[in-house]
Structure formats: C-alpha cells, structure tokens
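Below is coords31.cif, which holds mmCIF, C-alpha atoms.
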data_input
#
loop_
_atom_site.label_atom_id
_atom_site.label_comp_id
_atom_site.auth_asym_id
_atom_site.auth_seq_id
_atom_site.Cartn_x
_atom_site.Cartn_y
_atom_site.Cartn_z
CA MET X 1 233.14 199.43 236.99
CA ALA X 2 231.67 200.68 233.76
CA LEU X 3 230.82 204.32 232.85
CA ASP X 4 229.12 205.46 229.68
CA THR X 5 231.95 207.44 228.11
CA GLY X 6 235.09 209.25 229.00
CA ARG X 7 237.32 206.30 229.49
CA VAL X 8 240.89 207.47 229.98
CA THR X 9 243.63 204.85 229.85
CA ASP X 10 246.95 205.63 231.41
CA PHE X 11 249.56 203.05 230.56
CA ASN X 12 252.19 202.96 233.24
CA PRO X 13 254.80 200.25 232.85
CA THR X 14 255.48 198.63 236.19
CA TYR X 15 257.81 195.79 237.07
CA ASP X 16 257.32 193.48 239.96
CA SER X 17 260.06 191.77 241.95
CA ARG X 18 259.48 188.51 240.19
CA GLY X 19 260.72 189.97 236.92
CA GLY X 20 257.30 190.20 235.34
CA GLY X 21 256.59 192.55 232.48
CA ALA X 22 254.70 195.81 232.39
CA SER X 23 250.96 195.86 233.14
CA ALA X 24 248.32 198.39 231.98
CA ILE X 25 246.34 200.11 234.68
CA ASP X 26 243.04 201.47 233.42
CA THR X 27 241.71 204.58 235.17
CA TYR X 28 238.19 205.88 234.42
CA MET X 29 237.47 209.62 235.00
CA PRO X 30 233.80 210.76 234.89
CA THR X 31 232.88 213.47 232.41
CA LEU X 32 229.87 215.73 231.85
CA ASP X 33 228.31 213.00 229.71
CA SER X 34 228.42 210.48 232.53
CA GLY X 35 225.27 209.35 234.26
CA PRO X 36 221.61 209.77 233.36
CA ASN X 37 221.64 213.57 233.82
CA ILE X 38 223.90 216.52 234.55
CA GLY X 39 223.31 216.17 238.27
CA ALA X 40 224.63 212.61 238.32
CA ALA X 41 227.60 213.63 236.18
CA LEU X 42 228.54 216.47 238.55
CA ARG X 43 228.20 214.20 241.58
CA ALA X 44 230.39 211.52 239.95
CA ALA X 45 233.04 214.12 239.10
CA ARG X 46 232.93 215.49 242.65
CA GLU X 47 233.27 212.07 244.27
CA PHE X 48 236.06 211.14 241.84
CA ARG X 49 237.99 214.18 243.08
CA GLY X 50 237.30 213.30 246.73
CA LEU X 51 235.33 216.47 247.46
CA SER X 52 232.31 216.84 249.69
CA LEU X 53 229.25 218.99 249.07
CA GLN X 54 230.46 221.36 251.78
CA ASP X 55 233.81 221.76 250.00
CA VAL X 56 232.06 222.79 246.79
CA ALA X 57 229.65 225.05 248.71
CA ASP X 58 232.57 226.87 250.35
CA SER X 59 234.37 227.43 247.04
CA THR X 60 231.30 228.51 245.03
CA ARG X 61 229.40 230.39 247.77
CA ILE X 62 226.31 228.35 246.82
CA ARG X 63 224.09 226.87 249.50
CA ARG X 64 224.71 223.19 250.11
CA ALA X 65 220.99 222.46 249.79
CA TYR X 66 221.00 223.91 246.26
CA LEU X 67 224.02 221.76 245.26
CA SER X 68 222.29 218.66 246.59
CA ALA X 69 219.12 219.54 244.68
CA ILE X 70 221.15 219.96 241.45
CA GLU X 71 222.78 216.53 241.86
CA GLU X 72 219.37 214.91 242.45
CA MET X 73 217.66 217.12 239.80
CA ARG X 74 215.06 218.32 242.32
CA LEU X 75 214.38 221.47 240.36
CA GLU X 76 211.31 222.38 242.44
CA ASP X 77 213.64 223.05 245.40
CA LEU X 78 215.76 225.50 243.37
CA PRO X 79 215.19 229.18 242.55
CA SER X 80 214.20 230.36 239.08
CA ARG X 81 215.74 228.72 236.04
CA PRO X 82 218.26 231.52 235.37
CA PHE X 83 219.59 231.17 238.94
CA THR X 84 219.79 227.38 238.57
CA ILE X 85 221.74 227.70 235.30
CA GLY X 86 224.21 229.99 237.07
CA TYR X 87 224.60 227.46 239.89
CA VAL X 88 225.30 224.62 237.38
CA ARG X 89 227.89 226.77 235.60
CA ALA X 90 229.67 227.60 238.87
CA TYR X 91 229.53 223.95 240.06
CA ALA X 92 231.16 222.64 236.86
CA LYS X 93 233.80 225.36 236.91
CA ALA X 94 234.70 224.53 240.53
CA LEU X 95 235.33 220.88 239.46
CA GLY X 96 237.54 221.96 236.55
CA LEU X 97 234.97 221.01 233.91
CA ASP X 98 233.63 222.92 230.93
CA SER X 99 230.97 225.22 232.43
CA GLU X 100 229.22 225.95 229.10
CA ALA X 101 229.05 222.24 228.26
CA ALA X 102 227.52 221.64 231.70
CA VAL X 103 224.87 224.29 231.00
CA ASN X 104 224.07 222.74 227.61
CA ARG X 105 223.72 219.32 229.25
CA PHE X 106 221.37 220.79 231.86
CA LYS X 107 219.19 222.42 229.19
CA ALA X 108 219.10 219.12 227.28
CA ASP X 109 218.09 217.22 230.43
CA ASP X 110 215.43 219.81 231.34
CA PRO X 111 214.16 221.50 228.17
CA THR X 112 211.91 223.88 230.12
CA PRO X 113 211.36 227.19 228.27
CA GLU X 114 213.01 230.24 229.80
CA THR X 115 210.80 231.92 232.41
CA GLU X 116 211.01 235.17 234.32
CA LEU X 117 213.05 235.36 237.47
CA ARG X 118 211.22 234.24 240.54
CA GLU X 119 212.04 235.04 244.08
CA PRO X 120 214.39 232.73 246.01
CA VAL X 121 212.83 230.05 248.16
CA GLY X 122 211.73 231.28 251.57
CA VAL X 123 211.30 234.94 250.56
CA ARG X 124 207.80 236.29 251.04
CA LYS X 125 206.66 239.35 249.16
CA THR X 126 205.32 242.06 251.39
CA GLY X 127 204.04 245.51 250.58
CA ASP X 128 203.72 248.74 252.50
CA ARG X 129 200.23 248.66 254.01
CA ARG X 130 200.43 252.32 254.96
CA LEU X 131 200.49 253.35 251.30
CA GLY X 132 197.33 251.39 250.60
CA LEU X 133 195.60 252.79 253.67
CA GLY X 134 196.58 256.33 252.68
CA LEU X 135 195.22 255.90 249.17
CA THR X 136 191.98 254.43 250.52
CA ALA X 137 191.53 257.28 253.02
CA GLY X 138 192.21 259.87 250.32
CA ALA X 139 189.64 258.28 248.01
CA LEU X 140 187.04 258.28 250.80
CA VAL X 141 187.65 261.96 251.58
CA ILE X 142 187.37 262.97 247.92
CA GLY X 143 184.18 260.93 247.55
CA ALA X 144 182.67 262.56 250.63
CA ILE X 145 183.47 266.06 249.32
CA VAL X 146 181.92 265.31 245.93
CA ALA X 147 178.81 263.83 247.54
CA TRP X 148 178.39 266.84 249.85
CA ASN X 149 178.69 269.29 246.95
CA LEU X 150 176.12 267.36 244.92
CA ALA X 151 173.74 267.29 247.90
CA GLN X 152 174.09 271.01 248.48
CA ARG X 153 173.46 271.74 244.83
CA GLY X 154 170.34 269.56 244.82
CA LEU X 155 168.94 271.27 247.90
CA SER X 156 169.55 274.73 246.47
CA GLU X 157 167.76 273.81 243.24
CA ALA X 158 164.78 272.28 245.10
CA ALA X 159 164.29 275.22 247.48
CA PRO X 160 161.60 277.77 246.49
CA PRO X 161 162.83 281.16 245.33
CA ALA X 162 163.12 283.80 248.00
CA PRO X 163 160.22 286.34 248.01
CA ALA X 164 161.05 289.70 246.57
CA VAL X 165 161.25 292.43 249.18
CA ALA X 166 158.93 295.32 248.43
CA PRO X 167 160.59 298.70 248.58
CA ALA X 168 159.82 300.66 251.71
CA PRO X 169 157.42 303.54 251.19
CA ALA X 170 159.02 306.92 251.18
CA ALA X 171 158.52 308.86 254.36
CA GLU X 172 156.04 311.65 254.01
CA THR X 173 157.51 315.04 254.68
CA SER X 174 155.40 318.01 255.50
CA THR X 175 156.52 321.54 254.93
CA PRO X 176 155.29 323.81 257.73
CA GLU X 177 153.47 326.88 256.65
CA GLY X 178 154.67 330.22 258.05
CA PRO X 179 157.82 331.13 259.97
CA LEU X 180 159.47 328.71 262.43
CA ALA X 181 159.54 329.52 266.13
CA LEU X 182 163.03 329.53 267.67
CA GLY X 183 163.73 328.80 271.32
CA ALA X 184 165.43 331.04 273.84
CA PRO X 185 169.16 331.65 273.31
CA LEU X 186 171.59 329.43 275.18
CA PRO X 187 173.66 330.97 277.96
CA ALA X 188 177.24 331.96 277.20
CA PRO X 189 179.85 329.30 278.04
CA VAL X 190 181.71 329.63 281.28
CA GLU X 191 185.13 331.12 280.72
CA SER X 192 187.86 328.58 281.29
CA THR X 193 190.42 329.41 283.92
CA VAL X 194 194.06 329.53 282.80
CA PRO X 195 196.43 327.81 285.29
CA GLU X 196 199.38 329.66 286.57
CA PRO X 197 202.59 328.96 284.63
CA TYR X 198 204.80 326.27 286.12
CA LYS X 199 207.94 327.57 287.76
CA THR X 200 210.93 325.28 287.73
CA PRO X 201 212.51 325.16 291.18
CA GLY X 202 215.78 327.06 291.19
CA LEU X 203 215.18 328.57 287.75
CA GLU X 204 215.19 332.13 289.04
CA VAL X 205 218.35 331.49 291.04
CA ALA X 206 220.04 329.91 288.01
CA ALA X 207 219.02 332.81 285.80
CA ALA X 208 220.28 335.30 288.33
CA ALA X 209 223.63 333.46 288.59
CA GLY X 210 224.20 333.19 284.84
CA GLY X 211 222.34 330.00 283.96
CA SER X 212 225.11 327.36 284.35
CA ALA X 213 225.04 324.45 286.77
CA ASP X 214 228.07 325.76 288.60
CA ALA X 215 226.33 329.12 288.91
CA VAL X 216 223.25 327.44 290.38
CA ILE X 217 225.38 325.69 293.01
CA ALA X 218 227.19 328.91 293.78
CA ALA X 219 223.90 330.79 294.08
CA LYS X 220 222.49 328.18 296.42
CA GLN X 221 225.60 328.29 298.55
CA ALA X 222 225.31 332.04 298.67
CA GLU X 223 221.67 331.79 299.74
CA GLY X 224 222.49 329.18 302.39
CA LEU X 225 220.58 326.40 300.60
CA ASN X 226 221.60 322.76 300.27
CA ALA X 227 224.15 321.73 297.65
CA ALA X 228 221.86 320.81 294.77
CA ASP X 229 218.15 321.07 295.47
CA PRO X 230 216.29 323.94 297.25
CA GLU X 231 213.66 321.40 298.25
CA GLU X 232 216.00 318.96 299.96
CA PRO X 233 214.61 317.30 303.08
CA VAL X 234 214.95 319.15 306.34
CA GLY X 235 216.98 317.64 309.15
CA LEU X 236 220.13 316.56 307.30
CA PRO X 237 223.10 316.27 309.66
CA ALA X 238 225.39 319.27 309.45
CA SER X 239 228.58 317.22 309.77
CA PHE X 240 229.65 313.74 308.83
CA LYS X 241 229.05 311.02 311.43
CA PRO X 242 229.98 307.45 310.50
CA ASP X 243 226.98 305.11 310.79
CA GLY X 244 228.47 302.03 309.12
CA GLN X 245 231.40 300.89 307.04
CA VAL X 246 233.44 303.71 305.46
CA TYR X 247 235.19 302.79 302.20
CA GLY X 248 237.77 304.60 300.10
CA ALA X 249 240.61 306.89 301.21
CA ALA X 250 241.71 307.68 304.73
CA ALA X 251 240.02 310.48 306.70
CA GLY X 252 242.98 312.85 306.54
CA VAL X 253 243.51 312.40 302.79
CA SER X 254 239.98 312.62 301.44
CA THR X 255 238.05 315.88 300.96
CA VAL X 256 234.67 314.63 299.63
CA THR X 257 232.65 311.99 301.47
CA LEU X 258 229.41 310.48 300.15
CA GLN X 259 227.15 308.85 302.76
CA ALA X 260 224.18 306.68 301.79
CA ARG X 261 220.84 307.74 303.25
CA GLU X 262 219.29 304.50 301.93
CA SER X 263 220.46 301.42 300.07
CA ALA X 264 221.81 302.51 296.65
CA SER X 265 224.60 301.67 294.20
CA ILE X 266 227.65 303.86 293.53
CA ILE X 267 230.40 303.67 290.90
CA VAL X 268 233.45 305.98 290.89
CA ARG X 269 235.45 306.25 287.65
CA GLY X 270 238.59 308.12 286.75
CA GLY X 271 239.13 310.44 283.79
CA ASP X 272 240.39 307.49 281.67
CA GLY X 273 237.28 305.41 282.48
CA SER X 274 238.97 303.12 285.01
CA VAL X 275 236.76 302.08 287.94
CA TYR X 276 238.04 303.09 291.39
CA PHE X 277 235.07 301.91 293.41
CA ALA X 278 231.78 300.06 292.74
CA ARG X 279 229.46 298.80 295.44
CA GLN X 280 225.90 298.68 296.73
CA LEU X 281 226.03 300.77 299.90
CA ALA X 282 223.63 300.13 302.73
CA LYS X 283 222.05 302.91 304.74
CA GLY X 284 224.69 304.70 306.82
CA GLU X 285 227.69 303.40 304.85
CA ALA X 286 229.97 305.99 303.22
CA TYR X 287 232.68 306.41 300.62
CA ARG X 288 235.68 308.80 300.91
CA ALA X 289 236.87 309.89 297.45
CA PRO X 290 240.65 310.16 296.96
CA ALA X 291 242.12 313.58 296.16
CA LEU X 292 242.37 312.99 292.44
CA LYS X 293 241.28 315.15 289.54
CA GLY X 294 238.66 314.04 287.03
CA LEU X 295 236.80 311.60 289.31
CA VAL X 296 233.15 311.10 288.33
CA VAL X 297 230.59 309.49 290.61
CA ASP X 298 227.65 307.57 289.07
CA VAL X 299 224.80 306.59 291.45
CA SER X 300 221.44 304.86 291.04
CA GLU X 301 219.57 307.59 292.99
CA PRO X 302 221.17 311.01 293.69
CA THR X 303 218.85 311.83 296.61
CA ALA X 304 220.09 308.69 298.36
CA PHE X 305 223.55 310.24 298.98
CA GLN X 306 224.51 313.22 301.19
CA VAL X 307 227.64 315.15 300.28
CA PHE X 308 230.22 316.13 302.91
CA VAL X 309 233.20 318.34 302.08
CA ASP X 310 235.86 318.42 304.79
CA GLY X 311 233.29 316.85 307.07
CA GLU X 312 230.65 319.59 306.54
CA SER X 313 227.34 318.90 304.78
CA ARG X 314 226.85 320.20 301.26
CA GLY X 315 223.40 318.66 300.80
CA LEU X 316 222.51 315.90 298.38
CA LEU X 317 224.06 314.88 295.10
CA PRO X 318 222.73 317.07 292.27
CA ALA X 319 222.46 314.34 289.59
CA ASN X 320 222.99 310.65 288.86
CA GLN X 321 226.39 311.45 287.37
CA THR X 322 228.48 314.19 288.96
CA ASN X 323 232.07 315.41 288.72
CA LEU X 324 233.45 315.34 292.26
CA SER X 325 235.58 318.44 291.64
CA ARG X 326 232.36 320.52 291.29
CA LEU X 327 231.28 319.55 294.79
CA VAL X 328 234.41 321.00 296.35
CA GLY X 329 234.02 324.57 294.95
#
Would you write the structure of this file as structure tokens?
Amino acid sequence: MALDTGRVTDFNPTYDSRGGGASAIDTYMPTLDSGPNIGAALRAAREFRGLSLQDVADSTRIRRAYLSAIEEMRLEDLPSRPFTIGYVRAYAKALGLDSEAAVNRFKADDPTPETELREPVGVRKTGDRRLGLGLTAGALVIGAIVAWNLAQRGLSEAAPPAPAVAPAPAAETSTPEGPLALGAPLPAPVESTVPEPYKTPGLEVAAAAGGSADAVIAAKQAEGLNAADPEEPVGLPASFKPDGQVYGAAAGVSTVTLQARESASIIVRGGDGSVYFARQLAKGEAYRAPALKGLVVDVSEPTAFQVFVDGESRGLLPANQTNLSRLVG
C-alpha cells in the first residue's frame, strides 16, 4: 500500500511470547494531498475513518448526491462554484481536516474563474404571467386611445367648415294710425262665499264651565251627556254587563270599570310609574281598577273603551291617557 504523501509512522514496541524484540508497525493516514484530486483525497480520508457517505451527509446537512459528485469531481452535477466550495469546506471540516487547505486544493484542481451564483439543480425559474398580461393589456388600451384621438383629429381637420348662419331678418312692426279700439268691459268677478267658522264640539260648554277639562266633564254630566264626547255613539249600555273575561280587582272593591267595545290595548300605571295591568283586551272583556290614588290608564284608542263607575255608564274614555280619579267625580 503506497500513498503519495502523509506517511505517519507510529512505533509501538511489542513483544511476542517467543521473546522476540520490538517491531515497528507502519500506519499510513491519507491527507488532503493524497490522490489525483481533492475528491479522491476526501474519499480516502472518509474510508480511512470508516465513515459512509450517508454519515457525512447527516453531519454536514449536504445531499449525498452532492458529496458523491465531489468525490468523483463531477462538477456538472453540482450547483454554482461558490456553493461547491462551501460543500468542500464543510466536507473537510467534518473529517477533521483543514477546511481552507481543502478549498485551496479544490481551486488548484479546478482553476475555473469565479462565476455568478446559479440556481440549484432541479429548480426552474418561473415568472408571474399575470403581470405580463396586465402590462400587455394596458399597452393595448393606451395604444387604442391614442389611435382614436388621432383619427378624430384627422376627421375634424378634413371636414368642411360649417356654413355661417345668416341672421334672421328683423320682424317688421307697423304702428297703427289713429286711436285703438277697446273691447267691451269684462264682467265683475263673482264674490266668493265665506264658509261658516268651524265650531269645536263642546267648546261652548267648556267655555261656560270655566274652560278646564274637569269643567267640561262636569258640564256634560250636568247636561246629561256622555262622559267625554257629546257625539258619542247612541245605544251604549246604561249599566255594566260582563261579556267576557273581567280582569283586575273584585267587584265589591273596584269603583271604575273599563270595558272594551273592540279589540284594543290598555296599560294601567301607578303614580310611581309601576305597571299594574297591561293587556290586549278583546271585545267585551273588561278591567276593574283597584281603589288606589294616582292610577293612570293609557289605551291605544279611547273610543274603544266604555267607562262604568259603580256599575253605571259614564260614556267613553276622554283621551288616550286619563287619570282614573277624574272619572269618578
């Protein structure tokens, strides 16, 4: 076994059983100068250390195919030269050799001038086609606009000038000689009729009673009218007759009863705003108000509720919101 250089001799004195003397055992370790090129030297050093290509690939994170190409100096199967130099440096360092000396040996074996980085093997360069299509479409649109403007300008220059419009002759006016004859006078306009002033129902009664709402109710009661409206419908029952569910207080406790003449909503609140009753009453249903002060009834339609005080009719509710104590007086 003969290598170019790097012979290392370890002299280990050994003695055999026959009493012989010491013998010299020569051990040869490959170096970076071994072999015809750096690839062969790295392979010899790897095999001397009992390592496989996969062992070196795992420790250096370099693809096994690249390590094999370095050992066989198949540079066409490797990436750009700067990447290959980095792989050689890492390979030598993983074997415990001088990485810079390995790089110098590689450059001496392959004196190719430094080139720009090239893409790794198997990577294909692709571009965004949408950008190119957008630029092409924009150029076509701009070209079409320019061509259309040039065409319009050429047509306007080639067209004959518009004929000048002659001014219209002034209308001849004739001044009549002598006095003008006037027609018969128009008849006088018909006098417009003034409508009679509108009289608010119950206004006279309210004025006579002092003008307040309580005075109006008192005046109506004195005149024998219904509780709130002198034009209330005729035929209201004179006394309360249940015609459906009756809500609220008991008959002997309540004074004011409100009976629905048609479907309508009713809300009864106390003086502090608390709600005592709220419901949509059907026709015939009624509500007996408890004998409490400050109760206010709020309904969706006042004419939909008839008022009964102690069972006797007091007509219809006067307004959407009414104090129940005013209905008792």
Quiz prompt | Point-to-point distance from atom CA of X:Thr136 to atom CA of X:Gln152, Å rounded to tenths | solution =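 So the two atoms, atom CA of X:Thr136 and atom CA of X:Gln152, lie 24.5 Å apart.
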Practice problem: Expand the PyMOL selection byres ((chain X and resi 312-329) around 8) into the individual residues it matches in the shown file, reporting them as a PyMOL selection string. | Solution: chain X and resi 214+226-229+232+236-240+255-256+293-311
Quiz item: Which distance in Å separates atom CA of X:Ser265 and atom CA of X:Gly252, to one decimal?
Solution: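 A separation of 24.8 Å between them.
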Exercise. Compile the contact shell of stretch 97-113 of chain X as a PyMOL selection string: residues with an atom at most 9 Å away, counting all atoms listed in the file, same-chain residues fewer than 2 positions apart removed.
Key: chain X and resi 31-33+36-39+42+45+81+85-86+88-95+115
Can you write just those residues out, C-alpha atoms, as a CSV table (one decimal), in the frame of the given file?
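Contents of the output file again-v7.csv:
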chain,number,residue,atom,x,y,z
X,31,THR,CA,232.9,213.5,232.4
X,32,LEU,CA,229.9,215.7,231.8
X,33,ASP,CA,228.3,213.0,229.7
X,36,PRO,CA,221.6,209.8,233.4
X,37,ASN,CA,221.6,213.6,233.8
X,38,ILE,CA,223.9,216.5,234.6
X,39,GLY,CA,223.3,216.2,238.3
X,42,LEU,CA,228.5,216.5,238.6
X,45,ALA,CA,233.0,214.1,239.1
X,81,ARG,CA,215.7,228.7,236.0
X,85,ILE,CA,221.7,227.7,235.3
X,86,GLY,CA,224.2,230.0,237.1
X,88,VAL,CA,225.3,224.6,237.4
X,89,ARG,CA,227.9,226.8,235.6
X,90,ALA,CA,229.7,227.6,238.9
X,91,TYR,CA,229.5,224.0,240.1
X,92,ALA,CA,231.2,222.6,236.9
X,93,LYS,CA,233.8,225.4,236.9
X,94,ALA,CA,234.7,224.5,240.5
X,95,LEU,CA,235.3,220.9,239.5
X,115,THR,CA,210.8,231.9,232.4
Self-check item: Nearest-residue call for X:Ser52, choices X:Ala40, X:Ala286, X:Leu67, X:Val275, using all atoms listed in the file
Solution: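 Among the listed residues, the smallest separation from X:Ser52 belongs to X:Leu67.
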Quiz item: Could you work out how far atom CA of X:Asp243 lies from atom CA of X:Arg279, giving the answer in Å with one decimal?
Solution: 16.8 Å
Self-check item: Top pick for closest residue to X:Val246, considering X:Asp272, X:Asp55, X:Glu285, X:Glu47 and counting all atoms listed in the file
Solution: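 Answer, going by the shortest atom-to-atom distance: X:Glu285.
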